[in-house]
Amino acid sequence: MVRVIHGCIYCFARPTHSYLNLSPGLDFETRIIAKVNAAERLREALASPAYQPAPLVLGTATDAYQPIERKLRITRAVVEVLTEARHPFSVVTKSSGIERDLDLIVPMALKRQVSVYLSVTSLDPALSRILEPRAASPQRRLQTIKALAEAGVPVGVSVSPVIPFLNEPELERILEAAAEAGATKAFSIPLRLPWEVAPLFHDWLRLHQPDKAARIMARLRDMRGGKDNDPRFGTRFTGEGIWAELLQQRLRKASQRLGLGRERHQFDFSEFRPPSKLEGQQSLF
């Protein structure tokens with residue numbers, strides 16, 4: 001079977017396959033559920049008289065530029081609707097595939113209507129290959145940051161997830177490489193292990209990092225209230241305790257030194273206009 005999706009072991013979208021009675025392991029990587037009507041549903045939502053423009057982000061649950069996007073072009077269709085509506089949005093991706101949509105993204109960047117964050121988890125190609133199978137190499141991601149920056153697109157770096165004793169020692173080096181490539185913003189999130197992701201990650205550690213597995217999980221639990229995962233809204237993206245605070249201090253100090261802002265890009269919503277409805281499209285209300 002041809003695999004056409006990233007296989008990041010830490011992906012917190014994996015449990016969604018369990019809802020469909022599919023495996024969050026192998027099925028997640030080989031049986032793809034595609035929202036082929038995403039652009040049409042977005043068009044309906046933005047065209048509603050009740051809609052008020054607000055920041056949108058593509059790629060927060062899973063990457064919007066999976067390898068299969070080359071064939072399905074779902075994300076491009078979504079971006080076309082946002083372009084027509086002049087609706088600001090952000091993208092978080094670890095894929096160079098976003099470069100295919102620069103013809104749409106660059107004009108929006110000139111109007112302060114788009115920003116992009118590249119996820120760079122490690123600079124080590126060997127680690128990246130086993131941690132994030134089928135995702136772009138670290139060097140390719142840095143090249144994409146450079147391409148976006150040179151095209152005038154506001155681009156930042158997401159050093160996420162941070163895994164203690166694995167990619168955590170690289171934090172400053174990743175920020176330096178991203179800044180050199182043209183990134184102007186940065187953020188990071190400690191590893192999250194919701195639901196079925198936790199046992200999958202445990203198995204991955206035993207296979208690929210047996211000597212570090214116990215230390216990695218102990219440090220993660222220190223940052224997650226003694227548990228594998230802490231789903232609370234106030235701490236799930238930052239962790240808590242001394243180790244989480246130290247990570248944030250390192251991020252803050254390195255970002256200041258490198259001129260990387262941590263605040264969100266400011267968008268211009270003044271040009272928003274509802275997109276036209278497709279011919280024959282019925283109201284949802």
# chains A, B, ... in the order shown; residues from 1 in each chain; ligands from 1
>>> residues_around(residues="Glu168 in chain A", least_positions_apart="2", cutoff="12 Å", atoms="only C-alpha atoms", output="PyMOL selection string")
chain A and resi 120-123+159-166+170-175+188-191+216+219-220+243-244+246-248+250-251
>>> closest_atom_pairs(of="range 124-202 of chain A", to="range 62-71 of chain A", cutoff="12 Å", atoms="only C-alpha atoms", output="CSV")
residue,atom,partner,partner_atom,distance
A:Glu132,CA,A:Asp63,CA,11.9
A:Pro133,CA,A:Pro67,CA,11.5
A:Arg134,CA,A:Pro67,CA,8.2
A:Ala135,CA,A:Gln66,CA,8.3
A:Ala136,CA,A:Pro67,CA,9.7
>>> closest_residue(among="A:Lys35, A:Arg43, A:Arg252, A:His208", to="Leu131 in chain A", atoms="only C-alpha atoms")
A:His208
>>> select_by_dssp(residues="range 91-215 of chain A", states="helix (DSSP H, G or I)", output="PyMOL selection string")
chain A and resi 96-110+125-131+138-150+168-181+197-208+213-215
>>> write_last_selection(atoms="C-alpha atoms", output="PDB file, in the first residue's frame")
ATOM      1  CA  SER A  96       7.664  22.344   1.572  1.00  0.00           C
ATOM      2  CA  GLY A  97       4.389  21.805  -0.281  1.00  0.00           C
ATOM      3  CA  ILE A  98       3.261  25.251   0.795  1.00  0.00           C
ATOM      4  CA  GLU A  99       5.647  26.675  -1.794  1.00  0.00           C
ATOM      5  CA  ARG A 100       3.242  25.473  -4.510  1.00  0.00           C
ATOM      6  CA  ASP A 101       0.687  28.000  -3.251  1.00  0.00           C
ATOM      7  CA  LEU A 102       2.950  31.030  -3.164  1.00  0.00           C
ATOM      8  CA  ASP A 103       1.036  32.517  -6.094  1.00  0.00           C
ATOM      9  CA  LEU A 104      -1.960  32.829  -3.744  1.00  0.00           C
ATOM     10  CA  ILE A 105      -0.132  33.496  -0.497  1.00  0.00           C
ATOM     11  CA  VAL A 106       2.269  36.253  -1.573  1.00  0.00           C
ATOM     12  CA  PRO A 107      -0.451  38.758  -2.657  1.00  0.00           C
ATOM     13  CA  MET A 108      -2.212  38.202   0.683  1.00  0.00           C
ATOM     14  CA  ALA A 109       1.053  38.740   2.539  1.00  0.00           C
ATOM     15  CA  LEU A 110       1.380  42.162   0.917  1.00  0.00           C
ATOM     16  CA  PRO A 125      18.136  14.155   9.571  1.00  0.00           C
ATOM     17  CA  ALA A 126      18.498  10.709  11.157  1.00  0.00           C
ATOM     18  CA  LEU A 127      16.290  11.625  14.120  1.00  0.00           C
ATOM     19  CA  SER A 128      13.795  13.382  11.861  1.00  0.00           C
ATOM     20  CA  ARG A 129      13.421  10.299   9.657  1.00  0.00           C
ATOM     21  CA  ILE A 130      12.344   8.046  12.521  1.00  0.00           C
ATOM     22  CA  LEU A 131      10.408  10.686  14.480  1.00  0.00           C
ATOM     23  CA  PRO A 138      15.114  19.584   8.349  1.00  0.00           C
ATOM     24  CA  GLN A 139      17.229  21.245   5.655  1.00  0.00           C
ATOM     25  CA  ARG A 140      14.269  21.327   3.263  1.00  0.00           C
ATOM     26  CA  ARG A 141      12.127  23.020   5.884  1.00  0.00           C
ATOM     27  CA  LEU A 142      14.777  25.681   6.415  1.00  0.00           C
ATOM     28  CA  GLN A 143      14.858  26.207   2.656  1.00  0.00           C
ATOM     29  CA  THR A 144      11.100  26.733   2.744  1.00  0.00           C
ATOM     30  CA  ILE A 145      11.480  29.336   5.489  1.00  0.00           C
ATOM     31  CA  LYS A 146      14.001  31.102   3.275  1.00  0.00           C
ATOM     32  CA  ALA A 147      11.753  30.899   0.199  1.00  0.00           C
ATOM     33  CA  LEU A 148       8.789  32.337   2.100  1.00  0.00           C
ATOM     34  CA  ALA A 149      10.843  35.109   3.671  1.00  0.00           C
ATOM     35  CA  GLU A 150      12.404  36.104   0.348  1.00  0.00           C
ATOM     36  CA  GLU A 168      15.250  19.536  23.589  1.00  0.00           C
ATOM     37  CA  PRO A 169      19.071  20.062  23.557  1.00  0.00           C
ATOM     38  CA  GLU A 170      18.701  21.457  20.012  1.00  0.00           C
ATOM     39  CA  LEU A 171      16.270  24.240  20.926  1.00  0.00           C
ATOM     40  CA  GLU A 172      18.708  27.145  20.570  1.00  0.00           C
ATOM     41  CA  ARG A 173      20.370  25.709  17.465  1.00  0.00           C
ATOM     42  CA  ILE A 174      17.009  25.301  15.724  1.00  0.00           C
ATOM     43  CA  LEU A 175      16.059  28.879  16.535  1.00  0.00           C
ATOM     44  CA  GLU A 176      19.402  30.109  15.208  1.00  0.00           C
ATOM     45  CA  ALA A 177      19.040  28.180  11.953  1.00  0.00           C
ATOM     46  CA  ALA A 178      15.469  29.414  11.471  1.00  0.00           C
ATOM     47  CA  ALA A 179      16.433  33.028  12.144  1.00  0.00           C
ATOM     48  CA  GLU A 180      19.311  32.765   9.689  1.00  0.00           C
ATOM     49  CA  ALA A 181      16.865  31.438   7.082  1.00  0.00           C
ATOM     50  CA  VAL A 197      -0.736   8.654  21.405  1.00  0.00           C
ATOM     51  CA  ALA A 198       0.820   7.781  24.775  1.00  0.00           C
ATOM     52  CA  PRO A 199       1.140   3.992  24.287  1.00  0.00           C
ATOM     53  CA  LEU A 200       2.282   4.490  20.707  1.00  0.00           C
ATOM     54  CA  PHE A 201       5.009   6.868  21.871  1.00  0.00           C
ATOM     55  CA  HIS A 202       6.042   4.463  24.654  1.00  0.00           C
ATOM     56  CA  ASP A 203       6.488   1.716  22.056  1.00  0.00           C
ATOM     57  CA  TRP A 204       8.462   4.078  19.819  1.00  0.00           C
ATOM     58  CA  LEU A 205      10.794   4.983  22.685  1.00  0.00           C
ATOM     59  CA  ARG A 206      11.432   1.349  23.545  1.00  0.00           C
ATOM     60  CA  LEU A 207      12.287   0.651  19.909  1.00  0.00           C
ATOM     61  CA  HIS A 208      14.319   3.732  18.981  1.00  0.00           C
ATOM     62  CA  ALA A 213      13.122   6.117  27.444  1.00  0.00           C
ATOM     63  CA  ALA A 214      12.834   6.187  31.233  1.00  0.00           C
ATOM     64  CA  ARG A 215      14.499   9.601  31.563  1.00  0.00           C
TER      65      ARG A 215
END
>>> closest_residue(among="A:Leu42, A:Leu26, A:Leu193, A:Ile32", to="Arg224 in chain A", atoms="only C-alpha atoms")
A:Leu193
>>> select_by_dssp(residues="range 75-161 of chain A", states="strand (DSSP E or B)", output="PyMOL selection string")
chain A and resi 89-93+114-119+155-161
>>> residues_around(residues="Leu22 in chain A", least_positions_apart="6", cutoff="9 Å", atoms="only C-alpha atoms", output="JSON, numbers by chain")
{"A": [16, 28, 31]}
>>> closest_residue(among="A:Ser270, A:Asp124, A:Pro275, A:Gln249", to="Pro88 in chain A", atoms="only C-alpha atoms")
A:Ser270
>>> atom_distance(atom1="CA of Ala186 in chain A", atom2="CA of Phe12 in chain A")
20.8 Å
>>> atom_distance(atom1="CA of Met223 in chain A", atom2="CA of Ile242 in chain A")
7.7 Å
>>> closest_residue(among="A:Leu278, A:Ala34, A:Val116, A:Ala39", to="Lys94 in chain A", atoms="only C-alpha atoms")
A:Val116
